[in-house]
>>> print(open('start_19.cif').read())   # mmCIF, N, CA and C atoms
data_coords
#
loop_
_atom_site.label_atom_id
_atom_site.label_comp_id
_atom_site.auth_asym_id
_atom_site.auth_seq_id
_atom_site.Cartn_x
_atom_site.Cartn_y
_atom_site.Cartn_z
N MET A 7 66.44 192.88 -69.00
CA MET A 7 67.64 192.19 -69.35
C MET A 7 68.76 193.22 -69.47
N VAL A 8 69.92 192.90 -68.93
CA VAL A 8 71.07 193.81 -68.94
C VAL A 8 72.20 193.19 -69.74
N CYS A 9 72.85 194.00 -70.58
CA CYS A 9 74.03 193.58 -71.33
C CYS A 9 75.24 194.30 -70.73
N HIS A 10 76.25 193.50 -70.35
CA HIS A 10 77.43 194.06 -69.70
C HIS A 10 78.63 194.09 -70.64
N ASP A 11 79.52 195.04 -70.42
CA ASP A 11 80.79 195.12 -71.13
C ASP A 11 81.75 194.11 -70.51
N LEU A 12 82.90 193.91 -71.12
CA LEU A 12 83.88 192.94 -70.62
C LEU A 12 84.37 193.28 -69.22
N ASP A 13 84.38 194.57 -68.87
CA ASP A 13 84.84 194.97 -67.53
C ASP A 13 83.73 194.87 -66.48
N GLY A 14 82.55 194.42 -66.88
CA GLY A 14 81.45 194.25 -65.95
C GLY A 14 80.49 195.43 -65.89
N SER A 15 80.85 196.55 -66.49
CA SER A 15 79.95 197.71 -66.48
C SER A 15 78.77 197.47 -67.42
N GLU A 16 77.67 198.14 -67.12
CA GLU A 16 76.46 197.99 -67.94
C GLU A 16 76.60 198.77 -69.24
N LEU A 17 76.42 198.06 -70.36
CA LEU A 17 76.40 198.74 -71.67
C LEU A 17 75.01 199.31 -71.94
N PHE A 18 74.01 198.44 -71.82
CA PHE A 18 72.63 198.85 -72.01
C PHE A 18 71.73 197.81 -71.36
N ARG A 19 70.47 198.17 -71.22
CA ARG A 19 69.48 197.22 -70.74
C ARG A 19 68.27 197.30 -71.66
N LEU A 20 67.58 196.21 -71.79
CA LEU A 20 66.37 196.16 -72.60
C LEU A 20 65.16 196.07 -71.67
N GLU A 21 64.17 196.90 -71.96
CA GLU A 21 62.93 196.90 -71.19
C GLU A 21 61.76 196.99 -72.15
N ARG A 22 60.63 196.48 -71.69
CA ARG A 22 59.41 196.66 -72.48
C ARG A 22 59.12 198.14 -72.59
N TYR A 23 58.67 198.54 -73.77
CA TYR A 23 58.27 199.92 -73.99
C TYR A 23 56.76 199.96 -73.89
N GLU A 24 56.27 200.31 -72.72
CA GLU A 24 54.85 200.19 -72.37
C GLU A 24 53.88 200.93 -73.30
N PRO A 25 54.23 202.10 -73.85
CA PRO A 25 53.25 202.79 -74.69
C PRO A 25 52.83 202.02 -75.96
N MET A 26 53.64 201.02 -76.38
CA MET A 26 53.34 200.30 -77.61
C MET A 26 53.43 198.80 -77.35
N ALA A 27 52.39 198.07 -77.69
CA ALA A 27 52.35 196.63 -77.47
C ALA A 27 53.48 195.93 -78.21
N GLY A 28 54.25 195.11 -77.49
CA GLY A 28 55.32 194.33 -78.09
C GLY A 28 56.62 195.08 -78.33
N ALA A 29 56.67 196.36 -78.02
CA ALA A 29 57.86 197.16 -78.27
C ALA A 29 58.87 197.01 -77.13
N VAL A 30 60.15 197.20 -77.48
CA VAL A 30 61.26 197.08 -76.54
C VAL A 30 62.15 198.31 -76.71
N VAL A 31 62.66 198.83 -75.61
CA VAL A 31 63.57 199.97 -75.66
C VAL A 31 64.92 199.56 -75.09
N ALA A 32 66.00 200.01 -75.76
CA ALA A 32 67.37 199.81 -75.26
C ALA A 32 67.77 201.10 -74.55
N LEU A 33 68.15 200.97 -73.28
CA LEU A 33 68.51 202.13 -72.45
C LEU A 33 69.96 202.03 -72.03
N ALA A 34 70.71 203.11 -72.20
CA ALA A 34 72.08 203.22 -71.71
C ALA A 34 72.06 204.18 -70.53
N ALA A 35 73.22 204.41 -69.93
CA ALA A 35 73.31 205.29 -68.77
C ALA A 35 72.81 206.70 -69.08
N ASN A 36 73.00 207.15 -70.32
CA ASN A 36 72.59 208.50 -70.70
C ASN A 36 71.20 208.57 -71.32
N GLY A 37 70.42 207.48 -71.26
CA GLY A 37 69.06 207.50 -71.76
C GLY A 37 68.81 206.49 -72.86
N PRO A 38 67.67 206.58 -73.55
CA PRO A 38 67.33 205.61 -74.60
C PRO A 38 68.25 205.73 -75.80
N VAL A 39 68.64 204.57 -76.34
CA VAL A 39 69.47 204.56 -77.55
C VAL A 39 68.68 204.08 -78.76
N ALA A 40 67.65 203.27 -78.55
CA ALA A 40 66.82 202.80 -79.66
C ALA A 40 65.55 202.16 -79.11
N THR A 41 64.51 202.21 -79.92
CA THR A 41 63.26 201.54 -79.60
C THR A 41 62.91 200.66 -80.79
N TYR A 42 62.45 199.45 -80.51
CA TYR A 42 62.15 198.45 -81.54
C TYR A 42 60.66 198.15 -81.46
N VAL A 43 59.93 198.51 -82.51
CA VAL A 43 58.47 198.41 -82.52
C VAL A 43 58.05 197.40 -83.58
N PRO A 44 57.27 196.38 -83.22
CA PRO A 44 56.81 195.42 -84.22
C PRO A 44 55.89 196.09 -85.24
N GLU A 45 56.19 195.90 -86.52
CA GLU A 45 55.31 196.40 -87.58
C GLU A 45 54.29 195.34 -87.95
N ASN A 46 54.73 194.10 -87.95
CA ASN A 46 53.87 192.95 -88.23
C ASN A 46 54.58 191.73 -87.64
N ALA A 47 54.23 190.54 -88.06
CA ALA A 47 54.81 189.33 -87.46
C ALA A 47 56.29 189.17 -87.77
N THR A 48 56.80 189.81 -88.83
CA THR A 48 58.19 189.56 -89.24
C THR A 48 59.06 190.80 -89.30
N ASP A 49 58.51 192.00 -89.20
CA ASP A 49 59.29 193.22 -89.36
C ASP A 49 59.29 194.05 -88.07
N LEU A 50 60.40 194.77 -87.87
CA LEU A 50 60.54 195.67 -86.72
C LEU A 50 60.88 197.07 -87.20
N LEU A 51 60.18 198.06 -86.69
CA LEU A 51 60.54 199.44 -86.93
C LEU A 51 61.59 199.81 -85.89
N VAL A 52 62.69 200.40 -86.31
CA VAL A 52 63.77 200.78 -85.40
C VAL A 52 63.78 202.30 -85.29
N ARG A 53 63.66 202.77 -84.06
CA ARG A 53 63.67 204.21 -83.79
C ARG A 53 64.94 204.57 -83.03
N ASP A 54 65.46 205.75 -83.28
CA ASP A 54 66.67 206.17 -82.56
C ASP A 54 66.29 206.66 -81.17
N GLY A 55 67.27 207.18 -80.45
CA GLY A 55 67.06 207.62 -79.07
C GLY A 55 66.03 208.71 -78.90
N THR A 56 65.74 209.46 -79.96
CA THR A 56 64.72 210.52 -79.89
C THR A 56 63.37 210.01 -80.36
N SER A 57 63.26 208.73 -80.64
CA SER A 57 62.04 208.06 -81.11
C SER A 57 61.68 208.39 -82.56
N ALA A 58 62.65 208.88 -83.34
CA ALA A 58 62.41 209.08 -84.76
C ALA A 58 62.65 207.75 -85.49
N PRO A 59 61.73 207.35 -86.38
CA PRO A 59 61.95 206.10 -87.12
C PRO A 59 63.12 206.26 -88.09
N VAL A 60 64.13 205.43 -87.93
CA VAL A 60 65.32 205.54 -88.77
C VAL A 60 65.54 204.33 -89.67
N ALA A 61 64.95 203.19 -89.31
CA ALA A 61 65.17 201.99 -90.12
C ALA A 61 64.07 200.97 -89.86
N VAL A 62 63.98 200.02 -90.78
CA VAL A 62 63.04 198.91 -90.63
C VAL A 62 63.83 197.62 -90.85
N LEU A 63 63.60 196.66 -89.97
CA LEU A 63 64.19 195.33 -90.12
C LEU A 63 63.17 194.48 -90.86
N HIS A 64 63.51 194.11 -92.11
CA HIS A 64 62.61 193.32 -92.97
C HIS A 64 63.13 191.90 -93.10
N LEU A 65 62.23 190.95 -93.03
CA LEU A 65 62.57 189.56 -93.33
C LEU A 65 62.83 189.45 -94.83
N GLN A 66 63.95 188.83 -95.21
CA GLN A 66 64.24 188.63 -96.62
C GLN A 66 63.24 187.64 -97.22
N ARG A 67 62.79 187.91 -98.41
CA ARG A 67 61.82 187.06 -99.09
C ARG A 67 62.39 185.65 -99.26
N GLY A 68 61.57 184.65 -98.94
CA GLY A 68 61.95 183.26 -99.15
C GLY A 68 62.78 182.64 -98.04
N THR A 69 62.89 183.33 -96.90
CA THR A 69 63.68 182.79 -95.79
C THR A 69 62.94 183.03 -94.48
N ASP A 70 63.31 182.25 -93.47
CA ASP A 70 62.72 182.43 -92.14
C ASP A 70 63.69 183.06 -91.16
N ASP A 71 64.95 183.25 -91.56
CA ASP A 71 65.94 183.68 -90.57
C ASP A 71 67.02 184.63 -91.11
N HIS A 72 66.76 185.30 -92.22
CA HIS A 72 67.66 186.31 -92.75
C HIS A 72 66.90 187.62 -92.92
N TYR A 73 67.47 188.70 -92.37
CA TYR A 73 66.80 189.99 -92.36
C TYR A 73 67.72 191.07 -92.95
N ASP A 74 67.11 192.13 -93.44
CA ASP A 74 67.83 193.32 -93.88
C ASP A 74 67.37 194.49 -93.04
N LEU A 75 68.32 195.27 -92.53
CA LEU A 75 68.02 196.53 -91.85
C LEU A 75 68.13 197.62 -92.90
N VAL A 76 67.00 198.28 -93.21
CA VAL A 76 66.94 199.24 -94.30
C VAL A 76 66.59 200.61 -93.74
N GLU A 77 67.35 201.62 -94.16
CA GLU A 77 67.12 202.98 -93.71
C GLU A 77 65.75 203.46 -94.18
N THR A 78 65.02 204.13 -93.31
CA THR A 78 63.67 204.57 -93.63
C THR A 78 63.67 205.64 -94.73
N ALA A 79 64.49 206.66 -94.58
CA ALA A 79 64.45 207.80 -95.50
C ALA A 79 65.02 207.47 -96.88
N ARG A 80 66.23 206.92 -96.92
CA ARG A 80 66.91 206.73 -98.21
C ARG A 80 66.80 205.31 -98.74
N LYS A 81 66.16 204.43 -98.00
CA LYS A 81 65.98 203.03 -98.41
C LYS A 81 67.30 202.32 -98.66
N ARG A 82 68.34 202.77 -97.98
CA ARG A 82 69.67 202.19 -98.09
C ARG A 82 69.77 201.00 -97.14
N ARG A 83 70.35 199.89 -97.60
CA ARG A 83 70.57 198.73 -96.73
C ARG A 83 71.70 199.06 -95.76
N LEU A 84 71.40 198.96 -94.46
CA LEU A 84 72.37 199.33 -93.43
C LEU A 84 73.11 198.13 -92.87
N ALA A 85 72.41 197.00 -92.75
CA ALA A 85 73.02 195.82 -92.13
C ALA A 85 72.26 194.57 -92.53
N ALA A 86 72.95 193.45 -92.42
CA ALA A 86 72.33 192.14 -92.56
C ALA A 86 72.28 191.53 -91.17
N VAL A 87 71.17 190.86 -90.87
CA VAL A 87 70.98 190.21 -89.58
C VAL A 87 70.47 188.81 -89.87
N TRP A 88 71.08 187.81 -89.23
CA TRP A 88 70.63 186.45 -89.49
C TRP A 88 70.76 185.57 -88.26
N ARG A 89 70.00 184.46 -88.31
CA ARG A 89 69.99 183.46 -87.24
C ARG A 89 70.55 182.16 -87.79
N ASP A 90 71.36 181.49 -86.96
CA ASP A 90 71.81 180.14 -87.31
C ASP A 90 71.85 179.30 -86.04
N ASN A 91 72.11 178.02 -86.19
CA ASN A 91 72.18 177.10 -85.05
C ASN A 91 73.50 177.26 -84.31
N PHE A 92 73.44 177.20 -82.99
CA PHE A 92 74.63 177.31 -82.15
C PHE A 92 74.59 176.20 -81.11
N PRO A 93 75.64 175.35 -81.04
CA PRO A 93 75.64 174.30 -80.02
C PRO A 93 75.80 174.89 -78.62
N LEU A 94 74.89 174.49 -77.74
CA LEU A 94 74.89 174.99 -76.37
C LEU A 94 74.72 173.79 -75.45
N ARG A 95 75.80 173.36 -74.85
CA ARG A 95 75.81 172.14 -74.04
C ARG A 95 75.27 170.98 -74.85
N ASP A 96 74.10 170.47 -74.48
CA ASP A 96 73.57 169.30 -75.17
C ASP A 96 72.41 169.65 -76.10
N ALA A 97 72.36 170.90 -76.56
CA ALA A 97 71.28 171.33 -77.46
C ALA A 97 71.82 172.33 -78.47
N PHE A 98 71.01 172.60 -79.47
CA PHE A 98 71.29 173.68 -80.40
C PHE A 98 70.30 174.80 -80.11
N ASP A 99 70.80 176.02 -80.04
CA ASP A 99 69.95 177.18 -79.83
C ASP A 99 70.26 178.18 -80.93
N ASP A 100 69.55 179.29 -80.93
CA ASP A 100 69.76 180.32 -81.95
C ASP A 100 70.99 181.16 -81.65
N ARG A 101 71.69 181.52 -82.70
CA ARG A 101 72.76 182.53 -82.61
C ARG A 101 72.40 183.61 -83.63
N TRP A 102 72.28 184.84 -83.16
CA TRP A 102 71.96 185.96 -84.03
C TRP A 102 73.22 186.75 -84.32
N THR A 103 73.40 187.13 -85.58
CA THR A 103 74.59 187.86 -86.02
C THR A 103 74.14 189.10 -86.79
N LEU A 104 74.87 190.19 -86.61
CA LEU A 104 74.61 191.43 -87.33
C LEU A 104 75.88 191.85 -88.04
N LEU A 105 75.77 192.18 -89.31
CA LEU A 105 76.91 192.65 -90.10
C LEU A 105 76.53 193.97 -90.75
N PRO A 106 77.10 195.10 -90.27
CA PRO A 106 76.83 196.38 -90.93
C PRO A 106 77.38 196.36 -92.36
N VAL A 107 76.63 196.93 -93.29
CA VAL A 107 77.08 196.97 -94.68
C VAL A 107 77.20 198.40 -95.19
N SER A 108 76.95 199.36 -94.31
CA SER A 108 77.03 200.76 -94.68
C SER A 108 77.97 201.48 -93.73
N GLY A 109 78.71 202.45 -94.23
CA GLY A 109 79.66 203.17 -93.40
C GLY A 109 79.03 204.07 -92.36
N SER A 110 78.07 204.88 -92.76
CA SER A 110 77.43 205.79 -91.81
C SER A 110 76.05 205.25 -91.47
N LEU A 111 75.76 205.19 -90.18
CA LEU A 111 74.50 204.61 -89.72
C LEU A 111 73.69 205.66 -88.96
N PRO A 112 72.37 205.69 -89.18
CA PRO A 112 71.53 206.69 -88.51
C PRO A 112 71.07 206.26 -87.13
N ILE A 113 71.80 205.35 -86.51
CA ILE A 113 71.42 204.84 -85.19
C ILE A 113 72.67 204.72 -84.35
N ASP A 114 72.53 204.92 -83.06
CA ASP A 114 73.62 204.79 -82.10
C ASP A 114 74.19 203.37 -82.16
N THR A 115 75.49 203.25 -81.94
CA THR A 115 76.15 201.95 -81.98
C THR A 115 75.50 200.96 -81.02
N LEU A 116 75.17 201.40 -79.81
CA LEU A 116 74.53 200.48 -78.86
C LEU A 116 73.15 200.05 -79.33
N GLY A 117 72.46 200.92 -80.06
CA GLY A 117 71.18 200.55 -80.63
C GLY A 117 71.33 199.45 -81.66
N LEU A 118 72.41 199.49 -82.40
CA LEU A 118 72.71 198.45 -83.37
C LEU A 118 73.14 197.16 -82.68
N VAL A 119 73.96 197.28 -81.63
CA VAL A 119 74.42 196.12 -80.87
C VAL A 119 73.25 195.40 -80.21
N ALA A 120 72.25 196.15 -79.77
CA ALA A 120 71.10 195.55 -79.09
C ALA A 120 70.17 194.81 -80.05
N LEU A 121 70.24 195.11 -81.33
CA LEU A 121 69.30 194.53 -82.30
C LEU A 121 69.32 193.00 -82.33
N PRO A 122 70.46 192.32 -82.37
CA PRO A 122 70.41 190.85 -82.35
C PRO A 122 69.79 190.27 -81.07
N VAL A 123 69.97 190.96 -79.95
CA VAL A 123 69.36 190.51 -78.70
C VAL A 123 67.84 190.66 -78.79
N VAL A 124 67.38 191.76 -79.34
CA VAL A 124 65.96 191.98 -79.53
C VAL A 124 65.39 190.93 -80.49
N CYS A 125 66.13 190.63 -81.56
CA CYS A 125 65.69 189.60 -82.52
C CYS A 125 65.55 188.24 -81.85
N ALA A 126 66.50 187.91 -80.98
CA ALA A 126 66.44 186.62 -80.28
C ALA A 126 65.19 186.52 -79.42
N ALA A 127 64.78 187.64 -78.83
CA ALA A 127 63.58 187.64 -78.00
C ALA A 127 62.31 187.71 -78.85
N ARG A 128 62.35 188.45 -79.93
CA ARG A 128 61.17 188.67 -80.77
C ARG A 128 60.86 187.51 -81.72
N PHE A 129 61.90 186.89 -82.24
CA PHE A 129 61.73 185.83 -83.24
C PHE A 129 62.35 184.53 -82.74
N PRO A 130 61.87 184.00 -81.62
CA PRO A 130 62.53 182.83 -81.04
C PRO A 130 62.18 181.54 -81.79
N SER A 131 63.07 180.59 -81.66
CA SER A 131 62.74 179.21 -82.03
C SER A 131 63.05 178.36 -80.81
N THR A 132 62.47 177.21 -80.74
CA THR A 132 62.65 176.35 -79.58
C THR A 132 64.02 175.69 -79.64
N PRO A 133 64.77 175.68 -78.52
CA PRO A 133 66.05 174.96 -78.53
C PRO A 133 65.81 173.51 -78.94
N ARG A 134 66.72 173.00 -79.74
CA ARG A 134 66.60 171.65 -80.26
C ARG A 134 67.67 170.76 -79.67
N PRO A 135 67.31 169.57 -79.18
CA PRO A 135 68.32 168.68 -78.60
C PRO A 135 69.36 168.27 -79.64
N ALA A 136 70.62 168.28 -79.23
CA ALA A 136 71.68 167.80 -80.11
C ALA A 136 71.59 166.29 -80.23
N ASP A 137 71.12 165.66 -79.19
CA ASP A 137 70.93 164.21 -79.14
C ASP A 137 69.56 163.99 -78.51
N SER A 138 68.69 163.28 -79.18
CA SER A 138 67.31 163.15 -78.71
C SER A 138 67.21 162.52 -77.33
N ARG A 139 68.27 161.87 -76.83
CA ARG A 139 68.24 161.29 -75.49
C ARG A 139 68.58 162.33 -74.43
N GLN A 140 69.01 163.51 -74.83
CA GLN A 140 69.41 164.56 -73.90
C GLN A 140 68.27 165.54 -73.67
N GLY A 141 68.35 166.30 -72.58
CA GLY A 141 67.35 167.33 -72.27
C GLY A 141 67.56 168.56 -73.14
N VAL A 142 66.60 169.46 -73.11
CA VAL A 142 66.66 170.69 -73.88
C VAL A 142 66.93 171.85 -72.93
N VAL A 143 67.82 172.74 -73.34
CA VAL A 143 68.16 173.91 -72.54
C VAL A 143 67.05 174.95 -72.68
N PRO A 144 66.49 175.47 -71.59
CA PRO A 144 65.42 176.45 -71.70
C PRO A 144 65.92 177.77 -72.28
N GLY A 145 65.01 178.54 -72.89
CA GLY A 145 65.37 179.83 -73.46
C GLY A 145 65.79 180.82 -72.38
N SER A 146 66.68 181.75 -72.72
CA SER A 146 67.19 182.69 -71.73
C SER A 146 66.58 184.09 -71.87
N LEU A 147 65.72 184.30 -72.86
CA LEU A 147 65.22 185.64 -73.12
C LEU A 147 63.72 185.76 -72.86
N ASP A 148 63.17 184.89 -72.00
CA ASP A 148 61.74 184.90 -71.75
C ASP A 148 61.24 186.22 -71.20
N VAL A 149 62.11 187.00 -70.57
CA VAL A 149 61.71 188.26 -69.97
C VAL A 149 61.16 189.24 -71.01
N LEU A 150 61.62 189.14 -72.26
CA LEU A 150 61.19 190.09 -73.30
C LEU A 150 60.06 189.55 -74.15
N ARG A 151 59.64 188.33 -73.96
CA ARG A 151 58.59 187.75 -74.79
C ARG A 151 57.23 188.12 -74.27
#
>>> encode(input="start_19.cif", output="structure tokens")
Amino acid sequence: MVCHDLDGSELFRLERYEPMAGAVVALAANGPVATYVPENATDLLVRDGTSAPVAVLHLQRGTDDHYDLVETARKRRLAAVWRDNFPLRDAFDDRWTLLPVSGSLPIDTLGLVALPVVCAARFPSTPRPADSRQGVVPGSLDVLR
């Protein structure tokens, strides 16, 4: 999967990271910017471009769609990540949002930008019809599942 900038140039692409089952790597023109490794069914270990673990994406207790990105070393909360419903033609699909809450981040900006896309592929829900008489829009991130 490729993510493009507004001018059409490639920002980054996501590919399976073959050495680890279920892992995904974000690659930019100058090399890897982050690797996302499943820790369990709900958490992702986030590694920087050199493959050093810098953060963990934890599911917030008591919710199915709100996460905290927490720095590995200092246990500082770096960002909030959440899923909500988004109307898409005649269905509702997931919309993932990331809000940084810390000024300095131990991960490349593109690695942070790629995180909601990785979440959409890793933690999918089925598109839901807006009107039960209408069809359902198929998922667009099957390549990473």
>>> residues_around(input="start_19.cif", residues="segment 84-97 of chain A", least_positions_apart="3", cutoff="5 Å", atoms="all atoms listed in the file", output="PDB file with N, CA and C atoms, keeping the file's coordinate frame")
ATOM      1  N   ASP A  71      64.950 183.250 -91.560  1.00  0.00           N
ATOM      2  CA  ASP A  71      65.940 183.680 -90.570  1.00  0.00           C
ATOM      3  C   ASP A  71      67.020 184.630 -91.110  1.00  0.00           C
ATOM      4  N   HIS A  72      66.760 185.300 -92.220  1.00  0.00           N
ATOM      5  CA  HIS A  72      67.660 186.310 -92.750  1.00  0.00           C
ATOM      6  C   HIS A  72      66.900 187.620 -92.920  1.00  0.00           C
ATOM      7  N   TYR A  73      67.470 188.700 -92.370  1.00  0.00           N
ATOM      8  CA  TYR A  73      66.800 189.990 -92.360  1.00  0.00           C
ATOM      9  C   TYR A  73      67.720 191.070 -92.950  1.00  0.00           C
ATOM     10  N   ASP A  74      67.110 192.130 -93.440  1.00  0.00           N
ATOM     11  CA  ASP A  74      67.830 193.320 -93.880  1.00  0.00           C
ATOM     12  C   ASP A  74      67.370 194.490 -93.040  1.00  0.00           C
ATOM     13  N   LEU A  75      68.320 195.270 -92.530  1.00  0.00           N
ATOM     14  CA  LEU A  75      68.020 196.530 -91.850  1.00  0.00           C
ATOM     15  C   LEU A  75      68.130 197.620 -92.900  1.00  0.00           C
ATOM     16  N   VAL A  76      67.000 198.280 -93.210  1.00  0.00           N
ATOM     17  CA  VAL A  76      66.940 199.240 -94.300  1.00  0.00           C
ATOM     18  C   VAL A  76      66.590 200.610 -93.740  1.00  0.00           C
ATOM     19  N   GLU A  77      67.350 201.620 -94.160  1.00  0.00           N
ATOM     20  CA  GLU A  77      67.120 202.980 -93.710  1.00  0.00           C
ATOM     21  C   GLU A  77      65.750 203.460 -94.180  1.00  0.00           C
ATOM     22  N   ASP A 100      69.550 179.290 -80.930  1.00  0.00           N
ATOM     23  CA  ASP A 100      69.760 180.320 -81.950  1.00  0.00           C
ATOM     24  C   ASP A 100      70.990 181.160 -81.650  1.00  0.00           C
ATOM     25  N   ARG A 101      71.690 181.520 -82.700  1.00  0.00           N
ATOM     26  CA  ARG A 101      72.760 182.530 -82.610  1.00  0.00           C
ATOM     27  C   ARG A 101      72.400 183.610 -83.630  1.00  0.00           C
ATOM     28  N   TRP A 102      72.280 184.840 -83.160  1.00  0.00           N
ATOM     29  CA  TRP A 102      71.960 185.960 -84.030  1.00  0.00           C
ATOM     30  C   TRP A 102      73.220 186.750 -84.320  1.00  0.00           C
ATOM     31  N   THR A 103      73.400 187.130 -85.580  1.00  0.00           N
ATOM     32  CA  THR A 103      74.590 187.860 -86.020  1.00  0.00           C
ATOM     33  C   THR A 103      74.140 189.100 -86.790  1.00  0.00           C
ATOM     34  N   LEU A 104      74.870 190.190 -86.610  1.00  0.00           N
ATOM     35  CA  LEU A 104      74.610 191.430 -87.330  1.00  0.00           C
ATOM     36  C   LEU A 104      75.880 191.850 -88.040  1.00  0.00           C
ATOM     37  N   LEU A 105      75.770 192.180 -89.310  1.00  0.00           N
ATOM     38  CA  LEU A 105      76.910 192.650 -90.100  1.00  0.00           C
ATOM     39  C   LEU A 105      76.530 193.970 -90.750  1.00  0.00           C
ATOM     40  N   PRO A 106      77.100 195.100 -90.270  1.00  0.00           N
ATOM     41  CA  PRO A 106      76.830 196.380 -90.930  1.00  0.00           C
ATOM     42  C   PRO A 106      77.380 196.360 -92.360  1.00  0.00           C
ATOM     43  N   VAL A 107      76.630 196.930 -93.290  1.00  0.00           N
ATOM     44  CA  VAL A 107      77.080 196.970 -94.680  1.00  0.00           C
ATOM     45  C   VAL A 107      77.200 198.400 -95.190  1.00  0.00           C
ATOM     46  N   SER A 108      76.950 199.360 -94.310  1.00  0.00           N
ATOM     47  CA  SER A 108      77.030 200.760 -94.680  1.00  0.00           C
ATOM     48  C   SER A 108      77.970 201.480 -93.730  1.00  0.00           C
ATOM     49  N   ARG A 134      66.720 173.000 -79.740  1.00  0.00           N
ATOM     50  CA  ARG A 134      66.600 171.650 -80.260  1.00  0.00           C
ATOM     51  C   ARG A 134      67.670 170.760 -79.670  1.00  0.00           C
ATOM     52  N   PRO A 135      67.310 169.570 -79.180  1.00  0.00           N
ATOM     53  CA  PRO A 135      68.320 168.680 -78.600  1.00  0.00           C
ATOM     54  C   PRO A 135      69.360 168.270 -79.640  1.00  0.00           C
ATOM     55  N   ALA A 136      70.620 168.280 -79.230  1.00  0.00           N
ATOM     56  CA  ALA A 136      71.680 167.800 -80.110  1.00  0.00           C
ATOM     57  C   ALA A 136      71.590 166.290 -80.230  1.00  0.00           C
TER      58      ALA A 136
END
>>> residues_around(input="start_19.cif", residues="segment 46-51 of chain A", least_positions_apart="6", cutoff="7 Å", atoms="all atoms listed in the file", output="number ranges by chain")
A: 59-65
>>> write_last_selection(input="start_19.cif", atoms="N, CA and C atoms", output="compact mmCIF listing (two decimals), keeping the file's coordinate frame")
# COMPACT_ATOMS: atom_id res chain seq x y z
N PRO A 59 61.73 207.35 -86.38
CA PRO A 59 61.95 206.10 -87.12
C PRO A 59 63.12 206.26 -88.09
N VAL A 60 64.13 205.43 -87.93
CA VAL A 60 65.32 205.54 -88.77
C VAL A 60 65.54 204.33 -89.67
N ALA A 61 64.95 203.19 -89.31
CA ALA A 61 65.17 201.99 -90.12
C ALA A 61 64.07 200.97 -89.86
N VAL A 62 63.98 200.02 -90.78
CA VAL A 62 63.04 198.91 -90.63
C VAL A 62 63.83 197.62 -90.85
N LEU A 63 63.60 196.66 -89.97
CA LEU A 63 64.19 195.33 -90.12
C LEU A 63 63.17 194.48 -90.86
N HIS A 64 63.51 194.11 -92.11
CA HIS A 64 62.61 193.32 -92.97
C HIS A 64 63.13 191.90 -93.10
N LEU A 65 62.23 190.95 -93.03
CA LEU A 65 62.57 189.56 -93.33
C LEU A 65 62.83 189.45 -94.83
>>> resolve_selection(input="start_19.cif", expression="the PyMOL selection byres ((chain A and resi 13-19) around 6.5)", output="list in words")
Met7, Val8, Cys9, His10, Asp11, Leu12, Leu20, Glu21, Val31, Ala32, Leu33, Ala34 and Ala35 of chain A
>>> atom_distance(input="start_19.cif", atom1="atom CA of Gly28 of chain A", atom2="atom C of Pro44 of chain A")
7.4 Å
>>> residues_around(input="start_19.cif", residues="Ala40 of chain A", least_positions_apart="4", cutoff="9 Å", atoms="only C-alpha atoms", output="short mmCIF file (atom, residue, chain, number, x, y, z; two decimals) with N, CA and C atoms, in the frame of the given file")
data_model
loop_
_atom_site.label_atom_id
_atom_site.label_comp_id
_atom_site.auth_asym_id
_atom_site.auth_seq_id
_atom_site.Cartn_x
_atom_site.Cartn_y
_atom_site.Cartn_z
N VAL A 30 60.15 197.20 -77.48
CA VAL A 30 61.26 197.08 -76.54
C VAL A 30 62.15 198.31 -76.71
N VAL A 31 62.66 198.83 -75.61
CA VAL A 31 63.57 199.97 -75.66
C VAL A 31 64.92 199.56 -75.09
N ALA A 32 66.00 200.01 -75.76
CA ALA A 32 67.37 199.81 -75.26
C ALA A 32 67.77 201.10 -74.55
N LEU A 33 68.15 200.97 -73.28
CA LEU A 33 68.51 202.13 -72.45
C LEU A 33 69.96 202.03 -72.03
N VAL A 52 62.69 200.40 -86.31
CA VAL A 52 63.77 200.78 -85.40
C VAL A 52 63.78 202.30 -85.29
N ARG A 53 63.66 202.77 -84.06
CA ARG A 53 63.67 204.21 -83.79
C ARG A 53 64.94 204.57 -83.03
N ASP A 54 65.46 205.75 -83.28
CA ASP A 54 66.67 206.17 -82.56
C ASP A 54 66.29 206.66 -81.17
N GLY A 55 67.27 207.18 -80.45
CA GLY A 55 67.06 207.62 -79.07
C GLY A 55 66.03 208.71 -78.90
N THR A 56 65.74 209.46 -79.96
CA THR A 56 64.72 210.52 -79.89
C THR A 56 63.37 210.01 -80.36
N SER A 57 63.26 208.73 -80.64
CA SER A 57 62.04 208.06 -81.11
C SER A 57 61.68 208.39 -82.56
N ILE A 113 71.80 205.35 -86.51
CA ILE A 113 71.42 204.84 -85.19
C ILE A 113 72.67 204.72 -84.35
N ASP A 114 72.53 204.92 -83.06
CA ASP A 114 73.62 204.79 -82.10
C ASP A 114 74.19 203.37 -82.16
N LEU A 116 75.17 201.40 -79.81
CA LEU A 116 74.53 200.48 -78.86
C LEU A 116 73.15 200.05 -79.33
N GLY A 117 72.46 200.92 -80.06
CA GLY A 117 71.18 200.55 -80.63
C GLY A 117 71.33 199.45 -81.66
N LEU A 118 72.41 199.49 -82.40
CA LEU A 118 72.71 198.45 -83.37
C LEU A 118 73.14 197.16 -82.68
N ALA A 120 72.25 196.15 -79.77
CA ALA A 120 71.10 195.55 -79.09
C ALA A 120 70.17 194.81 -80.05
#
>>> select_by_dssp(input="start_19.cif", residues="segment 25-129 of chain A", states="helix (DSSP H, G or I)", output="list in words")
Thr115, Leu116, Gly117, Leu118, Val119, Ala120, Leu121, Pro122, Val123, Val124, Cys125, Ala126, Ala127 and Arg128 of chain A
>>> closest_residue(input="start_19.cif", among="A:Val124, A:Gly68, A:Val119, A:Thr78", to="Tyr42 of chain A", atoms="only N, CA and C atoms")
A:Val124
>>> atom_distance(input="start_19.cif", atom1="atom CA of Cys125 of chain A", atom2="atom N of Arg80 of chain A")
22.5 Å
>>> select_by_dssp(input="start_19.cif", residues="chain A", states="strand (DSSP E or B)", output="PyMOL selection string")
chain A and resi 8-10+16-22+30-34+37-44+50-54+59-65+72-77+83-94+97-106+134-135
